[in-house]
Amino acid sequence: MIKTVTKIVSGLALALVAFGLSACGEDEPLTQGNDPQLRRLTEQQYRNTVRDVFGGNISIAGRFDPLERIDGLLAVGASSATITPAALERYEALGRSIALQVVNERNRKVLVPCTPASEAGRDDSCAAEFVTSTGRFLFRRPLTDAEQTLYVSISGDAADTLGDFYQGLAYGLTGMLVSPKFLYITETSEPDPDSDGLHRLDAYSKASRISFLLWNTTPDAMLLDAAASGDLHTEDGLEQQFERMISSPRAEDGLAAFFEDMLEFERFEILEKDPVIYPTFVLDVADDAREQTIRTLTYLLLDEGGDYRDIFTTRKTFMSGALGPVYRVPVINPVGWVPYEFPDSSPWAGIHTHLSFQALFSHPGKSSPTLRGQAVREHLLCQKIPEPPGDVDFSDFNDDSNPILRTARQRLDVHNEEPSCAGCHKLMDPIGLAMETFDGAGQIRTMENGMVIDTSGELDGVAYEDSIGLGAALRENPSAPACFANRMFAYGTGHTPTPAERQWMGYLEGKFAEAGYRVPVLLREMVLSDAFYRVTPPDLTQSTADANDTFAEETKS
Amino acid sequence: MTDRLRHHVLSAFGALALCATASAAAEVDTERTIGLVVVSFYTAVYETKYMEECPRGLAIGNDEIWWKSLDPAVRDELTDGGEIEPVTGIRRAMSAKRGPNGEDVCAMPTIVEDPPHKIVQGSISYGMNLDGNADGSATPKTCAHKNFTTPDGVAGIDNQMYRLLGCTFGWRDSGYIETNANGELIDTSQGVTLIEISEVDDRMNDDDVTVRMFRANDVLPKDAQGNVLPYASYRIHDIPGYGAPAQGRIVDGILKTEPIEAFLPYYGNLAHSEIHLRDMRVELNLNASETRAKGMIAGYRDVDNFWSYFRKGGYMAVTGQFSCPAMYVAAHELADGYPDPETGECTALSSAYKIEAIPAFIVKPESDDMKVSEMAPGPTQTRLAANQ
């Protein structure tokens with residue numbers, strides 16, 4: 001990312017000024033919270049953690065099991081994700097690979113904080129030093145005595161067996177890397193001394209929520225120190241950490257990860273286009289299209305401190321050499337990324353007009369008004385579209401060669417004569433049809449089978465002529481910022497807001513609106529709130545901890 | 001379709017569609033410039049079905065001469081008693097090193113004397129009338145030579161390069177030399193020529209435009225089928241010597257320029273080169289297809305410049321099937337332009353190259369007249385010279 005801390009800080013400052021720097025939490029509605037979560041690390045969180053703990057030169061070559069998307073977010077799915085035996089084997093192989101790199105001759109000098117008395121066998125003191133310092137970041141809290149003993153013991157036993165301290169240490173580290181305490185963000189609760197009868201996350205769990213929300217990685221030393229000292233439970237301490245983290249360039253990583261999840265961008269990994277129909281859609285283009293939208297969002301919302309609703313209308317974006325020919329626009333430096341602003345007369349304004357959105361929500365060989373409309377409804381407005389009936393006849397719609405039904409609009413009109421289809425399609429199709437001048441690979445077209453494409457439609461009563469008008473309608477749709485706030489809260493907590501949290505969500509949405517829909521303010525409101533850390537009583541936490549200890553014992557054996 | 005979209009589509013496709021609306025690219029600051037990148041560059045060779053232009057056959061290959069020169073014992077050794085073909089790699093190297101003391105005859109083409117090169121005997125050729133006369137008689141800038149007539153009957157065509165290369169396998173249709181060079185151009189993005197047509201008021205008819213040619217400094221992006229994508233952006237290379245301005249005019253979508261001395265980048269057959277043309281002129285149909293311009297570059301190519309290309313790619317003598325010494329002698333004999341003031345011998349070959357080009361954005365450094373996004377950094381703004 002090319003943005004600077006200065007820009008972020010200035011953007012945030014602007015947002016906070018607009019917000020009036022109102023104190024958080026004063027009139028915050030009480031919530032009962034939800035269960036503490038046990039969230040499996042996403043692939044990116046795993047990678048980020050390893051990078052941050054051991055450095056960027058550690059190769060992470062492995063396959064990660066996908067997460068289930070629940071209520072629009074993988075982050076929510078992560079809270080109910082399991083690890084299959086096969087996946088555990090892969091984690092073990094990956095952990096072993098990472099561990100061996102950490103202790104190799106080049107890296108050990110930096111990553112192992114001590115020198116063993118002898119490299120030919122165990123040195124529990126040195127192993128303990130490594131396990132303590134490393135385990136703190138991997139488990140996102142200090143290791144318990146039992147855990148410390150466990151991994152030092154594994155390291156020592158293996159070192160004795162192999163006659164090599166570092167090889168033994170690699171076994172101990174592998175054990176930590178396959179521990180559920182690493183692979184799952186494990187939250188624990190404690191009574192809230194400020195609210196009788198209510199519970200909150202403990203300081204380390206709180207640190208994890210903040211860190212994965214803002215940076216999408218494990219808490220750093222300063223955040224863990226703040227948890228250890230209790231500062232994180234104070235208003236000032238919490239605010240200090242928030243300001244530090246939101247002002248960092250790494251906040252872009254956090255926001256990028258959120259939007260990758262919200263916009264279902266993980267599907268780019270498997271996105272295919274028919275190369276005969278869409279020859280321009282090559283791998284570089286797909287990769288850059290994905291990044292373009294993320295860069296646009298982080299620039300607008302963090303660097304500029306912009307209004308969230310402007311994501312539907314902004315013409316400011318970034319352009320790469322690979323994307324230039326597809327958009328047919330100049331790129332002043334074809335190597336890397338350059339800021340770019342689409343001309344006012346162009347058809348691109350808002351992320352829904354980006355190549356990424358158009359290509360992702362299309363079929364391999366043609367566009368799809370329905371998929372695009374569904375994506376807008378579900379991802380940007382948080383409106384669930386029911387699954388189609390199992391016996392739908394798509395033949396009319398799929399017949400592109402029909403000499404009478406030449407446009408997607410015409411074919412959908414016929415398709416929607418079936419009452420069981422019409423109800424949902426009328427929610428999706430008018431949105432998607434506005435984007436029909438983008439083909440299945442996101443390139444501009446004006447005609448379909450010799451007919452001029454009609455892009456007019458309406459969104460919840462607001463009429464428009466084209467995708468630009470659709471963007472304007474989305475911008476003014478109250479569901480859009482409310483959706484964003486709900487998704488952000490769900491993303492941060494790992495659970496969809498419960499009915500008991502509706503009042504809090506209404507409060508958060510109101511604060512978001514008061515702040516001119518500035519995202520840093522929304523994040524600040526969340527992170528400094530009580531509700532973000534409110535959890536139900538600790539029974540589940542205890543049972544989870546017990547299960548983890550059992551797992552750890554099994555791992556050792 | 002909304003007006004907004006219609007306007008943009010006109011802009012996007014306006015470069016070669018040559019719609020007469022001068023405001024086609026109003027959203028960028030380059031509406032008066034057409035940018036092109038050359039994606040195909042072939043020596044213009046006219047061929048008939050039965051090779052009537054080469055009644056004496058095709059040129060003899062370097063390795064054929066070499067092989068004939070070997071005594072039977074050496075042939076026996078190289079072929080393991082006649083059981084195998086001489087290994088290609090060895091053959092290439094050895095066939096070139098057949099000077100009296102093993103000298104490379106492509107690097108030192110006068111060190112041996114080979115049978116004469118076979119040249120074109122026909123009277124039809126592509127090309128242009130470079131010297132202004134129709135009978136091929138000598139002028140202050142040319143030596144006497146035979147003129148050609150184009151396939152559609154235009155007389156006075158000067159193309160001694162065709163006469164030299166037209167009966168050599170490597171330069172004929174599907175011949176290795178130029179097919180390979182064009183493949184390398186696309187694959188490596190080396191030696192890529194950019195054409196900038198500026199000061200364009202009317203893309204169909206404009207009696208005063210300026211044409212410059214540059215060397216590209218960025219790769220040619222390709223689609224899934226390996227075709228170069230139109231509308232890519234290219235920065236110009238900072239190697240000096242390119243970009244000489246030529247005045248031109250556009251008539252019914254055909255661009256024609258006045259002659260200038262110019263250098264064009266070139267890469268082919270693993271050899272970096274540069275084409276030096278005097279009296280170079282461009283004739284380009286900007287309307288050849290929706291996204292492709294086709295035409296010709298012609299001029300007098302300096303013989304030494306021409307030969308430097310051969311010296312860098314000696315194996316071409318094998319893959320192209322010709323004798324370096326014979327080709328060298330013929331090139332000098334056929335030279336028809338720019339007589340040496342002392343000897344009177346001409347030093348350049350009238351030449352013509354068929355080119356195809358697609359729309360491109362040409363980015364020129366350090367100028368102040370490019371409109372860039374206000375998001376762009378100020379001090380290092382670059383100028384976008386080409387448009388669509």
# chains A, B, ... in the order shown; residues from 1 in each chain; ligands from 1

$ interface_residues --of "chain A" --to "chain B" --cutoff "6 Å" --atoms "only C-alpha atoms" --output "JSON list (two decimals) with C-alpha atoms, in the first residue's frame"
[["chain", "number", "residue", "atom", "x", "y", "z"],
["A", 275, "PRO", "CA", -10.64, -17.28, -22.29],
["A", 279, "PRO", "CA", -9.48, -13.11, -23.51],
["A", 280, "THR", "CA", -8.52, -9.97, -21.60],
["A", 282, "VAL", "CA", -5.98, -13.01, -17.42],
["A", 324, "GLY", "CA", -5.28, 0.05, -17.96],
["A", 325, "PRO", "CA", -6.05, -1.85, -21.18],
["A", 328, "ARG", "CA", -8.98, 1.53, -21.68],
["A", 330, "PRO", "CA", -3.98, 5.70, -19.42],
["A", 331, "VAL", "CA", -1.67, 4.64, -16.63],
["A", 332, "ILE", "CA", 1.16, 7.06, -16.10],
["A", 339, "PRO", "CA", -3.79, 7.00, -8.31],
["A", 340, "TYR", "CA", -6.41, 7.49, -10.94],
["A", 341, "GLU", "CA", -9.67, 9.35, -11.18],
["A", 343, "PRO", "CA", -13.53, 11.16, -15.76],
["A", 345, "SER", "CA", -18.27, 11.30, -18.28],
["A", 346, "SER", "CA", -17.09, 7.73, -17.80],
["A", 347, "PRO", "CA", -19.34, 4.87, -16.67],
["A", 453, "ILE", "CA", -28.90, -2.38, -23.51],
["A", 454, "ASP", "CA", -31.49, -0.75, -21.27]]

$ closest_residue --among "A:Gly135, A:Gly156, A:Gly254, A:Pro191" --to "Tyr491 (chain A)" --atoms "only C-alpha atoms"
A:Gly254

$ residues_around --residues "Pro364 (chain A)" --least-positions-apart "3" --cutoff "12 Å" --atoms "only C-alpha atoms" --output "list in words"
Ile270, Leu271, Glu272, Lys273, Asp274, Pro275, Val276, Ile277, Tyr278, Pro279, Phe281, Gln358, Ala359, Leu360, Phe361, Ser367, Ser368, Asp439, Gly440, Ala441 and Gly442 of chain A

$ closest_residue --among "B:Pro115, B:Gly248, B:Gly81, B:Pro341" --to "Asn62 (chain B)" --atoms "only C-alpha atoms"
B:Pro115

$ closest_residue --among "B:Tyr266, B:Tyr42, B:Tyr328, B:Trp171" --to "Thr193 (chain B)" --atoms "only C-alpha atoms"
B:Tyr266

$ select_by_dssp --residues "region 177-375 of chain B" --states "helix (DSSP H, G or I)" --output "number ranges by chain"
B: 177-188, 303-312, 316-319, 324-334

$ atom_distance --atom1 "CA of Pro109 (chain B)" --atom2 "CA of Ile60 (chain B)"
15.3 Å

$ residues_around --residues "Ala331 (chain B)" --least-positions-apart "6" --cutoff "12 Å" --atoms "only C-alpha atoms" --output "list of chain:residue names"
B:Pro109, B:Pro116, B:His117, B:Lys118, B:Ile119, B:Gln160, B:Met161, B:Tyr162, B:Arg163, B:Leu164, B:Leu165, B:Arg301, B:Asp302, B:Val303, B:Asp304, B:Asn305, B:Phe306, B:Trp307, B:Ser323, B:Cys324, B:Pro325, B:Gly337, B:Glu345, B:Cys346, B:Thr347, B:Ala348, B:Leu349, B:Ser350, B:Ser351

$ write_last_selection --atoms "N, CA and C atoms" --output "compact mmCIF listing (two decimals), in the first residue's frame"
# COMPACT_ATOMS: atom_id res chain seq x y z
N PRO B 109 32.73 -10.57 -43.67
CA PRO B 109 32.12 -11.11 -44.88
C PRO B 109 32.97 -11.01 -46.14
N PRO B 116 27.51 -15.86 -56.10
CA PRO B 116 26.67 -14.65 -55.95
C PRO B 116 25.33 -14.94 -55.28
N HIS B 117 24.89 -13.97 -54.53
CA HIS B 117 23.59 -14.05 -53.86
C HIS B 117 22.48 -14.01 -54.91
N LYS B 118 21.43 -14.74 -54.68
CA LYS B 118 20.31 -14.74 -55.63
C LYS B 118 19.32 -13.65 -55.24
N ILE B 119 19.07 -12.78 -56.18
CA ILE B 119 18.23 -11.61 -55.90
C ILE B 119 16.96 -11.65 -56.73
N GLN B 160 15.18 -1.64 -53.02
CA GLN B 160 16.31 -2.52 -53.27
C GLN B 160 16.49 -3.54 -52.14
N MET B 161 15.94 -3.25 -50.98
CA MET B 161 16.01 -4.22 -49.89
C MET B 161 15.22 -5.47 -50.27
N TYR B 162 14.10 -5.25 -50.93
CA TYR B 162 13.31 -6.39 -51.41
C TYR B 162 14.10 -7.16 -52.47
N ARG B 163 14.75 -6.42 -53.35
CA ARG B 163 15.54 -7.10 -54.38
C ARG B 163 16.61 -7.96 -53.73
N LEU B 164 17.15 -7.47 -52.63
CA LEU B 164 18.20 -8.21 -51.93
C LEU B 164 17.65 -9.43 -51.19
N LEU B 165 16.54 -9.26 -50.51
CA LEU B 165 16.07 -10.29 -49.57
C LEU B 165 14.91 -11.14 -50.10
N ARG B 301 17.83 2.57 -45.96
CA ARG B 301 18.48 1.99 -44.78
C ARG B 301 19.97 1.88 -45.03
N ASP B 302 20.68 2.42 -44.10
CA ASP B 302 22.12 2.41 -44.18
C ASP B 302 22.62 0.96 -44.23
N VAL B 303 23.50 0.66 -45.20
CA VAL B 303 23.97 -0.72 -45.38
C VAL B 303 24.75 -1.20 -44.16
N ASP B 304 25.60 -0.35 -43.64
CA ASP B 304 26.37 -0.76 -42.46
C ASP B 304 25.44 -1.04 -41.28
N ASN B 305 24.41 -0.20 -41.14
CA ASN B 305 23.43 -0.42 -40.09
C ASN B 305 22.71 -1.75 -40.30
N PHE B 306 22.38 -2.03 -41.55
CA PHE B 306 21.74 -3.29 -41.89
C PHE B 306 22.66 -4.46 -41.55
N TRP B 307 23.91 -4.31 -41.90
CA TRP B 307 24.82 -5.44 -41.68
C TRP B 307 25.13 -5.67 -40.19
N SER B 323 24.15 -16.86 -47.67
CA SER B 323 25.58 -16.75 -47.42
C SER B 323 25.88 -15.34 -46.98
N CYS B 324 26.55 -15.21 -45.86
CA CYS B 324 26.88 -13.85 -45.40
C CYS B 324 27.77 -13.11 -46.40
N PRO B 325 28.83 -13.75 -46.89
CA PRO B 325 29.68 -13.02 -47.86
C PRO B 325 28.90 -12.63 -49.11
N GLY B 337 21.01 4.42 -52.51
CA GLY B 337 20.81 5.73 -51.90
C GLY B 337 22.05 6.26 -51.23
N GLU B 345 29.98 5.42 -54.51
CA GLU B 345 29.18 4.22 -54.28
C GLU B 345 28.07 4.53 -53.29
N CYS B 346 26.89 4.01 -53.59
CA CYS B 346 25.77 4.27 -52.68
C CYS B 346 25.94 3.49 -51.39
N THR B 347 25.43 4.04 -50.31
CA THR B 347 25.65 3.46 -48.97
C THR B 347 24.36 3.01 -48.30
N ALA B 348 23.25 3.15 -48.97
CA ALA B 348 21.97 2.80 -48.33
C ALA B 348 21.06 2.09 -49.33
N LEU B 349 20.22 1.25 -48.78
CA LEU B 349 19.28 0.47 -49.59
C LEU B 349 17.87 1.05 -49.43
N SER B 350 17.23 1.34 -50.55
CA SER B 350 15.82 1.73 -50.43
C SER B 350 15.06 0.54 -49.84
N SER B 351 14.19 0.81 -48.86
CA SER B 351 13.58 -0.27 -48.09
C SER B 351 12.13 0.07 -47.78

$ atom_distance --atom1 "CA of Arg475 (chain A)" --atom2 "CA of Leu300 (chain A)"
14.4 Å

$ residues_around --residues "Phe259 (chain A)" --least-positions-apart "5" --cutoff "12 Å" --atoms "only C-alpha atoms" --output "MDAnalysis selection string"
chainID A and resid 72:75 213 216 252:254 264:266 290:291 293:298 301 311 351 379:380 484 487:488 491

$ residues_around --residues "Gly450 (chain A)" --least-positions-apart "5" --cutoff "12 Å" --atoms "only C-alpha atoms" --output "list in words"
Asp400, Ser401, Pro403, Ile404, Leu405, Arg406, Thr407 and Arg445 of chain A

$ write_last_selection --atoms "C-alpha atoms" --output "PDB file, in the first residue's frame"
ATOM      1  CA  ASP A 400     -28.632 -16.440 -25.543  1.00  0.00           C
ATOM      2  CA  SER A 401     -29.375 -17.244 -29.167  1.00  0.00           C
ATOM      3  CA  PRO A 403     -33.853 -14.324 -31.802  1.00  0.00           C
ATOM      4  CA  ILE A 404     -36.720 -12.680 -29.949  1.00  0.00           C
ATOM      5  CA  LEU A 405     -35.374 -12.559 -26.402  1.00  0.00           C
ATOM      6  CA  ARG A 406     -32.091 -10.923 -27.252  1.00  0.00           C
ATOM      7  CA  THR A 407     -31.194  -9.141 -24.044  1.00  0.00           C
ATOM      8  CA  ARG A 445     -20.412  -2.847 -23.963  1.00  0.00           C
TER       9      ARG A 445
END

$ residues_around --residues "Pro388 (chain A)" --least-positions-apart "5" --cutoff "9 Å" --atoms "only C-alpha atoms" --output "list in words"
Ser420, Cys421 and Cys424 of chain A

$ write_last_selection --atoms "N, CA and C atoms" --output "PDB file, in the first residue's frame"
ATOM      1  N   SER A 420     -43.074 -18.251  -8.798  1.00  0.00           N
ATOM      2  CA  SER A 420     -42.138 -18.646  -7.743  1.00  0.00           C
ATOM      3  C   SER A 420     -40.776 -17.978  -7.927  1.00  0.00           C
ATOM      4  N   CYS A 421     -40.528 -17.458  -9.112  1.00  0.00           N
ATOM      5  CA  CYS A 421     -39.245 -16.783  -9.369  1.00  0.00           C
ATOM      6  C   CYS A 421     -39.355 -15.269  -9.191  1.00  0.00           C
ATOM      7  N   CYS A 424     -38.338 -12.968  -5.859  1.00  0.00           N
ATOM      8  CA  CYS A 424     -36.938 -12.679  -5.549  1.00  0.00           C
ATOM      9  C   CYS A 424     -36.275 -11.886  -6.665  1.00  0.00           C
TER      10      CYS A 424
END

$ select_by_dssp --residues "region 176-232 of chain B" --states "strand (DSSP E or B)" --output "ChimeraX atom specification"
/B:193-198,206-216,222,228,232

$ write_last_selection --atoms "N, CA and C atoms" --output "short mmCIF file (atom, residue, chain, number, x, y, z; two decimals), in the first residue's frame"
data_model
loop_
_atom_site.label_atom_id
_atom_site.label_comp_id
_atom_site.auth_asym_id
_atom_site.auth_seq_id
_atom_site.Cartn_x
_atom_site.Cartn_y
_atom_site.Cartn_z
N THR B 193 8.35 -0.36 -30.88
CA THR B 193 8.23 1.00 -31.40
C THR B 193 6.87 1.59 -31.06
N LEU B 194 6.90 2.80 -30.58
CA LEU B 194 5.68 3.56 -30.33
C LEU B 194 5.55 4.66 -31.37
N ILE B 195 4.36 4.90 -31.83
CA ILE B 195 4.11 5.97 -32.79
C ILE B 195 3.16 6.97 -32.16
N GLU B 196 3.60 8.19 -32.10
CA GLU B 196 2.78 9.27 -31.56
C GLU B 196 2.37 10.21 -32.69
N ILE B 197 1.09 10.36 -32.88
CA ILE B 197 0.59 11.31 -33.88
C ILE B 197 -0.09 12.44 -33.10
N SER B 198 0.52 13.60 -33.12
CA SER B 198 0.00 14.68 -32.28
C SER B 198 -0.53 15.83 -33.13
N ASP B 206 -6.74 15.76 -41.80
CA ASP B 206 -6.01 16.82 -41.11
C ASP B 206 -4.72 17.07 -41.89
N ASP B 207 -4.52 18.27 -42.35
CA ASP B 207 -3.37 18.50 -43.23
C ASP B 207 -2.10 18.85 -42.47
N ASP B 208 -2.15 18.82 -41.17
CA ASP B 208 -0.92 19.16 -40.44
C ASP B 208 -0.90 18.45 -39.09
N VAL B 209 -0.24 17.32 -39.08
CA VAL B 209 -0.05 16.61 -37.81
C VAL B 209 1.45 16.35 -37.65
N THR B 210 1.85 16.01 -36.45
CA THR B 210 3.25 15.71 -36.19
C THR B 210 3.38 14.26 -35.74
N VAL B 211 4.34 13.56 -36.30
CA VAL B 211 4.52 12.14 -36.00
C VAL B 211 5.91 11.94 -35.40
N ARG B 212 5.94 11.23 -34.30
CA ARG B 212 7.21 10.88 -33.67
C ARG B 212 7.20 9.38 -33.35
N MET B 213 8.38 8.80 -33.35
CA MET B 213 8.48 7.37 -33.03
C MET B 213 9.46 7.20 -31.89
N PHE B 214 9.04 6.39 -30.93
CA PHE B 214 9.83 6.19 -29.72
C PHE B 214 10.07 4.71 -29.48
N ARG B 215 10.94 4.47 -28.54
CA ARG B 215 11.18 3.10 -28.08
C ARG B 215 10.41 2.93 -26.76
N ALA B 216 9.64 1.85 -26.66
CA ALA B 216 8.84 1.61 -25.45
C ALA B 216 9.71 1.07 -24.33
N LYS B 222 -0.53 -9.02 -22.67
CA LYS B 222 -1.23 -9.91 -23.60
C LYS B 222 -2.52 -10.45 -23.00
N VAL B 228 -1.43 -9.08 -28.09
CA VAL B 228 -1.12 -7.85 -27.34
C VAL B 228 -2.41 -7.04 -27.16
N ALA B 232 -2.98 -0.25 -23.87
CA ALA B 232 -2.05 -0.32 -22.74
C ALA B 232 -1.23 0.97 -22.71
#

$ atom_distance --atom1 "CA of Asp336 (chain B)" --atom2 "CA of Gln247 (chain B)"
25.0 Å

$ decode --residues "region 312-331 of chain A" --atoms "C-alpha atoms" --output "PDB file, in the first residue's frame"
ATOM      1  CA  PHE A 312     -20.920   3.861  -4.288  1.00  0.00           C
ATOM      2  CA  THR A 313     -20.077   7.062  -6.112  1.00  0.00           C
ATOM      3  CA  THR A 314     -16.352   7.661  -5.894  1.00  0.00           C
ATOM      4  CA  ARG A 315     -14.450   8.026  -9.131  1.00  0.00           C
ATOM      5  CA  LYS A 316     -11.131   7.998  -7.353  1.00  0.00           C
ATOM      6  CA  THR A 317      -9.326   4.720  -7.585  1.00  0.00           C
ATOM      7  CA  PHE A 318      -5.957   3.214  -8.393  1.00  0.00           C
ATOM      8  CA  MET A 319      -4.806   1.846 -11.700  1.00  0.00           C
ATOM      9  CA  SER A 320      -2.169  -0.691 -12.692  1.00  0.00           C
ATOM     10  CA  GLY A 321      -0.561  -1.490 -15.990  1.00  0.00           C
ATOM     11  CA  ALA A 322      -2.616  -4.660 -16.252  1.00  0.00           C
ATOM     12  CA  LEU A 323      -5.905  -2.894 -15.630  1.00  0.00           C
ATOM     13  CA  GLY A 324      -5.284   0.046 -17.965  1.00  0.00           C
ATOM     14  CA  PRO A 325      -6.050  -1.847 -21.177  1.00  0.00           C
ATOM     15  CA  VAL A 326      -9.176  -3.384 -19.697  1.00  0.00           C
ATOM     16  CA  TYR A 327     -10.582  -0.038 -18.602  1.00  0.00           C
ATOM     17  CA  ARG A 328      -8.982   1.535 -21.676  1.00  0.00           C
ATOM     18  CA  VAL A 329      -7.524   4.361 -19.649  1.00  0.00           C
ATOM     19  CA  PRO A 330      -3.978   5.700 -19.421  1.00  0.00           C
ATOM     20  CA  VAL A 331      -1.669   4.636 -16.630  1.00  0.00           C
TER      21      VAL A 331
END
